[in-house]
Structure formats: structure tokens, C-alpha cells
$ cat data.txt   # compact mmCIF, C-alpha atoms
# COMPACT_ATOMS: atom_id res chain seq x y z
CA MET A 955 -18.73 -2.67 -14.19
CA PHE A 956 -22.02 -0.79 -13.71
CA THR A 957 -23.26 2.72 -12.92
CA GLY A 958 -26.15 2.13 -10.54
CA ILE A 959 -28.64 3.53 -13.09
CA VAL A 960 -31.44 0.96 -13.29
CA SER A 961 -32.54 0.30 -16.87
CA ASP A 962 -35.31 -2.26 -16.27
CA VAL A 963 -37.35 -3.77 -13.47
CA GLY A 964 -37.44 -7.52 -14.02
CA THR A 965 -39.73 -10.15 -12.51
CA ILE A 966 -38.68 -13.48 -11.04
CA LEU A 967 -40.34 -16.17 -13.18
CA GLU A 968 -38.78 -19.38 -11.85
CA LEU A 969 -36.49 -20.47 -9.01
CA GLU A 970 -34.59 -23.73 -8.82
CA GLN A 971 -32.22 -25.00 -6.15
CA ILE A 972 -29.08 -26.48 -7.72
CA ALA A 973 -25.90 -28.02 -6.32
CA ALA A 974 -24.00 -24.74 -6.72
CA GLY A 975 -26.75 -22.62 -5.13
CA GLN A 976 -29.76 -21.23 -6.98
CA ARG A 977 -30.85 -20.81 -10.60
CA THR A 978 -33.24 -17.95 -11.38
CA LYS A 979 -35.21 -17.13 -14.53
CA ILE A 980 -35.99 -13.42 -14.83
CA GLY A 981 -38.50 -11.72 -17.14
CA THR A 982 -37.22 -8.53 -18.77
CA VAL A 983 -37.73 -6.00 -21.55
CA TYR A 984 -34.14 -6.62 -22.67
CA ASP A 985 -33.96 -8.15 -26.16
CA PRO A 986 -32.36 -11.60 -25.76
CA ASP A 987 -30.74 -11.19 -29.18
CA GLY A 988 -28.64 -8.42 -27.63
CA ILE A 989 -27.55 -10.47 -24.61
CA ASP A 990 -24.53 -12.77 -24.91
CA ILE A 991 -24.31 -15.96 -22.90
CA GLY A 992 -21.73 -15.11 -20.24
CA ALA A 993 -22.71 -11.44 -20.16
CA SER A 994 -23.01 -9.67 -16.80
CA ILE A 995 -26.27 -8.22 -15.55
CA ALA A 996 -26.70 -6.62 -12.13
CA CYS A 997 -29.82 -8.01 -10.44
CA SER A 998 -30.78 -5.80 -7.50
CA GLY A 999 -27.14 -4.80 -7.33
CA VAL A 1000 -25.64 -8.30 -7.51
CA CYS A 1001 -23.52 -9.01 -10.58
CA HIS A 1002 -24.73 -12.22 -12.23
CA THR A 1003 -23.62 -14.13 -15.31
CA VAL A 1004 -26.23 -14.98 -17.94
CA VAL A 1005 -26.33 -18.76 -18.50
CA ALA A 1006 -29.45 -18.93 -20.70
CA LYS A 1007 -31.79 -16.55 -22.51
CA GLY A 1008 -34.85 -16.57 -24.72
CA ARG A 1009 -38.35 -15.34 -25.36
CA ASP A 1010 -41.74 -16.96 -25.20
CA ALA A 1011 -45.24 -15.85 -26.12
CA GLU A 1012 -45.43 -13.54 -23.13
CA GLN A 1013 -42.01 -11.98 -22.59
CA ASN A 1014 -38.22 -11.98 -22.91
CA TRP A 1015 -36.17 -13.67 -20.21
CA PHE A 1016 -32.68 -14.63 -19.08
CA THR A 1017 -31.38 -17.08 -16.49
CA VAL A 1018 -28.64 -16.61 -13.91
CA GLU A 1019 -27.08 -18.78 -11.22
CA SER A 1020 -26.21 -17.62 -7.69
CA ALA A 1021 -23.43 -19.29 -5.72
CA ALA A 1022 -23.66 -20.16 -2.03
CA GLU A 1023 -21.62 -17.09 -1.00
CA THR A 1024 -24.00 -14.81 -2.91
CA LEU A 1025 -26.96 -16.40 -1.15
CA ALA A 1026 -25.27 -15.93 2.24
CA LEU A 1027 -24.26 -12.28 1.78
CA THR A 1028 -27.15 -10.77 -0.19
CA THR A 1029 -30.94 -10.73 -0.42
CA VAL A 1030 -30.89 -13.17 -3.38
CA ALA A 1031 -31.75 -15.99 -0.98
CA GLU A 1032 -35.03 -14.18 -0.24
CA TRP A 1033 -36.14 -13.99 -3.88
CA SER A 1034 -39.50 -15.52 -4.71
CA VAL A 1035 -41.54 -15.99 -7.88
CA GLY A 1036 -43.23 -12.72 -8.76
CA LYS A 1037 -40.74 -10.53 -6.91
CA ARG A 1038 -39.47 -7.48 -8.81
CA VAL A 1039 -35.73 -6.82 -9.13
CA ASN A 1040 -33.72 -3.87 -10.39
CA LEU A 1041 -31.72 -4.68 -13.53
CA GLU A 1042 -28.75 -3.03 -15.21
CA ARG A 1043 -26.67 -4.18 -18.17
CA SER A 1044 -22.89 -3.85 -17.81
CA LEU A 1045 -21.33 -0.50 -18.71
CA SER A 1046 -20.08 -0.08 -22.29
CA MET A 1047 -16.86 1.83 -23.01
CA GLY A 1048 -17.74 5.41 -23.90
CA ALA A 1049 -21.24 5.23 -22.40
CA GLU A 1050 -22.50 8.02 -20.16
CA LEU A 1051 -21.65 7.48 -16.49
CA GLY A 1052 -24.85 8.76 -14.91
CA GLY A 1053 -24.39 7.35 -11.41
CA HIS A 1054 -21.07 6.18 -9.95
CA LEU A 1055 -18.79 3.25 -10.70
CA VAL A 1056 -20.36 0.10 -9.26
CA LEU A 1057 -18.81 -3.37 -9.38
CA GLY A 1058 -21.87 -5.43 -8.53
CA HIS A 1059 -19.84 -7.02 -5.71
CA VAL A 1060 -22.25 -6.57 -2.82
CA ASP A 1061 -20.57 -6.05 0.55
CA GLY A 1062 -23.54 -7.05 2.65
CA LYS A 1063 -27.02 -5.94 3.61
CA ALA A 1064 -28.52 -2.77 5.06
CA THR A 1065 -31.87 -2.57 6.86
CA ILE A 1066 -34.47 0.15 6.35
CA VAL A 1067 -35.13 1.53 9.84
CA GLU A 1068 -37.30 4.47 8.78
CA ARG A 1069 -39.40 5.42 5.75
CA THR A 1070 -41.10 8.82 5.65
CA GLU A 1071 -43.26 10.04 2.77
CA HIS A 1072 -42.83 13.67 1.68
CA PRO A 1073 -44.82 15.51 -1.04
CA GLU A 1074 -42.02 15.26 -3.62
CA SER A 1075 -39.71 12.63 -2.17
CA VAL A 1076 -39.34 9.67 0.15
CA TYR A 1077 -36.88 9.69 3.05
CA LEU A 1078 -35.20 6.39 3.88
CA LYS A 1079 -32.89 5.74 6.82
CA PHE A 1080 -30.71 2.63 6.87
CA GLU A 1081 -28.65 0.74 9.39
CA CYS A 1082 -25.63 -1.34 8.40
CA ALA A 1083 -22.66 -3.06 10.01
CA PRO A 1084 -19.95 -0.68 11.32
CA GLU A 1085 -17.42 -2.29 8.98
CA PHE A 1086 -19.41 -0.88 6.04
CA ALA A 1087 -20.54 2.39 7.64
CA ARG A 1088 -16.96 3.71 7.69
CA PHE A 1089 -17.09 3.85 3.88
CA ILE A 1090 -20.36 5.83 3.70
CA PRO A 1091 -19.82 9.60 4.15
CA LYS A 1092 -22.34 12.41 3.97
CA LYS A 1093 -22.83 13.50 0.31
CA GLY A 1094 -20.99 10.38 -0.85
CA SER A 1095 -22.32 7.70 -3.18
CA VAL A 1096 -23.69 4.32 -2.16
CA GLY A 1097 -25.17 1.41 -4.10
CA LEU A 1098 -28.43 0.10 -2.68
CA ASP A 1099 -30.29 -2.71 -4.48
CA GLY A 1100 -28.38 -1.75 -7.61
CA THR A 1101 -29.34 1.94 -7.45
CA SER A 1102 -26.72 4.69 -7.24
CA LEU A 1103 -27.86 7.03 -4.46
CA THR A 1104 -26.42 10.09 -2.73
CA VAL A 1105 -26.03 9.91 1.03
CA ASN A 1106 -28.01 12.64 2.81
CA GLU A 1107 -26.79 12.15 6.37
CA ALA A 1108 -24.41 9.65 7.95
CA GLU A 1109 -24.00 9.07 11.67
CA GLY A 1110 -22.52 6.02 13.35
CA ASN A 1111 -23.77 2.95 11.53
CA THR A 1112 -26.84 4.71 10.08
CA PHE A 1113 -27.25 6.79 6.93
CA SER A 1114 -30.12 8.24 4.95
CA VAL A 1115 -31.13 9.03 1.36
CA PHE A 1116 -33.96 10.88 -0.37
CA LEU A 1117 -35.68 9.27 -3.37
CA ILE A 1118 -37.27 11.47 -6.03
CA PRO A 1119 -40.50 10.43 -7.82
CA HIS A 1120 -38.60 9.32 -10.96
CA THR A 1121 -36.45 6.89 -8.98
CA LEU A 1122 -39.53 5.48 -7.27
CA GLU A 1123 -41.24 5.03 -10.64
CA VAL A 1124 -38.44 3.23 -12.52
CA THR A 1125 -37.07 1.00 -9.72
CA THR A 1126 -38.36 -1.33 -7.02
CA TRP A 1127 -38.05 1.28 -4.27
CA SER A 1128 -41.79 1.85 -4.23
CA ASP A 1129 -42.04 -1.75 -2.91
CA ARG A 1130 -39.66 -1.23 0.01
CA ALA A 1131 -40.85 -0.71 3.59
CA GLN A 1132 -39.40 -0.30 7.07
CA GLY A 1133 -37.73 -3.52 8.19
CA ASP A 1134 -36.77 -4.63 4.67
CA GLU A 1135 -33.18 -5.62 3.95
CA VAL A 1136 -31.45 -4.37 0.78
CA ASN A 1137 -28.16 -5.11 -0.92
CA LEU A 1138 -25.37 -2.69 -0.04
CA GLU A 1139 -22.25 -1.89 -2.03
CA VAL A 1140 -19.98 0.84 -0.71
CA ASP A 1141 -18.13 3.19 -3.05
CA MET A 1142 -15.11 1.37 -4.43
CA MET A 1143 -12.89 4.47 -4.29
CA ALA A 1144 -13.52 4.77 -0.54
CA ARG A 1145 -12.63 1.11 -0.17
CA TYR A 1146 -9.33 1.52 -2.02
CA VAL A 1147 -8.38 4.64 -0.03
CA ALA A 1148 -9.08 2.82 3.24
CA ARG A 1149 -6.97 -0.13 2.12
CA LEU A 1150 -4.03 2.11 1.16
CA ALA A 1151 -4.24 3.86 4.54
CA GLU A 1152 -3.55 0.54 6.25
CA PHE A 1153 0.01 0.49 4.90
CA PRO A 1154 2.95 2.78 5.76
CA SER A 1155 4.00 5.43 3.26
CA LEU A 1156 7.22 5.12 1.24
CA ALA A 1157 8.73 7.89 3.37
CA GLU A 1158 8.05 5.92 6.54
CA ILE A 1159 9.48 2.76 5.00
CA ALA A 1160 12.66 4.65 4.01
CA LYS A 1161 13.35 5.82 7.59

$ encode --input "data.txt" --output "C-alpha cells"
Amino acid sequence: MFTGIVSDVGTILELEQIAAGQRTKIGTVYDPDGIDIGASIACSGVCHTVVAKGRDAEQNWFTVESAAETLALTTVAEWSVGKRVNLERSLSMGAELGGHLVLGHVDGKATIVERTEHPESVYLKFECAPEFARFIPKKGSVGLDGTSLTVNEAEGNTFSVFLIPHTLEVTTWSDRAQGDEVNLEVDMMARYVARLAEFPSLAEIAK
């Protein structure tokens, strides 16, 4: 479980194709002594399991492996050495919930169709598949590349957000441009409500 509050921007150090998919070594400020093997870390919104960790003369690092399904559904397949990724450690019981509850189970990808610079913010408009758009309401929460963001407007299969300077400074959003794809996770509460609505109520069943 995560909150969508990015706590580090890591750098891809090494990529290796393996039988199961892809193995990635990521540089980080996280102290490896505080990371357990098997721990979960969200990497640009995708929950990954740590399979190795360490430090060398230059920096701390950890390694994760991405399965074929992850590569098919997310932007992980587009990672390259030197690319920056948003990182978040898993939520601890009792910790402050600054964003919204995020599972790290990416639903799919959204495409930036517009980026407009404003004096104190950046406006981003996205397009996603209709099957995901139904879960993204105006003023609701959405997870994009591991960042908890508030939806500004939502119409059809498009929606928009505004990014403040702090968000641009501490995440990879300053790197993003029109045409880029990002990882999308819809709000899990909206997903559960929609699922429950598919079934008849107890009153209807009793008739």
C-alpha cells in the first residue's frame, strides 16, 4: 500500500532481460540497511519487490524484477539507463496519509495530450481508455506515475491536472512532455463502488 507521495527520484543504473521479464537496478537515496529483501517499492507507480540491494562508492541502489504482464501494461518496458523514476516506500501503519490510498497495481497507461506552462503551475491534459475514464471524476484522486494528483476537469476519456512548483521539483514531472505515456492507477474506492454496482441489492434478490 502507498500514498502517491513521492519520496525519492531514482535513476535507472542497469537493465537486464531475464526469462521472467526484466531486471532493473535503480540508484536511490534510500539507505539499503533500511530496505528488506522482499520489501515493496513503487517505481513510477508500479509496485515492485526488492530482490537485491547495496551501496557502492557512488550511491545506494536496489534491484527489482518486472514480469511480462507488467511490461505489457505499463511504461516499465520503455525504461532505459539514465531514466529517472518516481519512488515511494510502502506505507507504514500509523504514518501520515498525505495523498490517497494507492495499491501500486497500475491499470494501464494515459497519454499527455496537452502541456501548458503557467507562472505558478503546469497544466496537463491526459487521454486514457474509456474503461478507465469512468473511474476518474472531477475533483477526484488519480495516481499518475506514482504521484497522487487531484483531477481538475474530466470529460469523456480525457482529464486534466495542475502541478505546483513543489511537485515539479521533487518528481519526474518536469521531464514529461506532450505525447509521453504515463502509468495510470484509478482510485481503488471508485473501482470497488463500480464493482458493487454490477450486482443486485439484497432487496432485489429477496423479491

$ closest_residue --input "data.txt" --among "A:Asn1014, A:Val1076, A:Leu1057, A:Val1136" --to "Leu1045 of chain A" --atoms "only C-alpha atoms"
A:Leu1057

$ closest_residue --input "data.txt" --among "A:Trp1127, A:Phe956, A:Phe1153, A:Tyr984" --to "Lys1007 of chain A" --atoms "only C-alpha atoms"
A:Tyr984

$ atom_distance --input "data.txt" --atom1 "atom CA of Thr965 of chain A" --atom2 "atom CA of Glu1023 of chain A"
22.6 Å

$ closest_residue --input "data.txt" --among "A:Thr1065, A:Ser961, A:Thr1101, A:Ser994" --to "Thr1029 of chain A" --atoms "all atoms listed in the file"
A:Thr1065

$ atom_distance --input "data.txt" --atom1 "atom CA of Arg977 of chain A" --atom2 "atom CA of Val1039 of chain A"
14.9 Å

$ atom_distance --input "data.txt" --atom1 "atom CA of Arg1088 of chain A" --atom2 "atom CA of His1072 of chain A"
28.4 Å

$ closest_residue --input "data.txt" --among "A:Lys1092, A:Arg1009, A:His1120, A:Lys1079" --to "Asp1134 of chain A" --atoms "all atoms listed in the file"
A:Lys1079

$ closest_residue --input "data.txt" --among "A:Gly1094, A:Gly988, A:Gly1058, A:Gly975" --to "Ala1026 of chain A" --atoms "only C-alpha atoms"
A:Gly975

$ closest_residue --input "data.txt" --among "A:Glu1123, A:Glu968, A:Asp985, A:Glu1109" --to "Arg1043 of chain A" --atoms "all atoms listed in the file"
A:Asp985

$ residues_near_point --input "data.txt" --point "(-24.1, -16.9, -10.9)" --cutoff "6 Å" --atoms "all atoms listed in the file" --output "count of residues only"
6
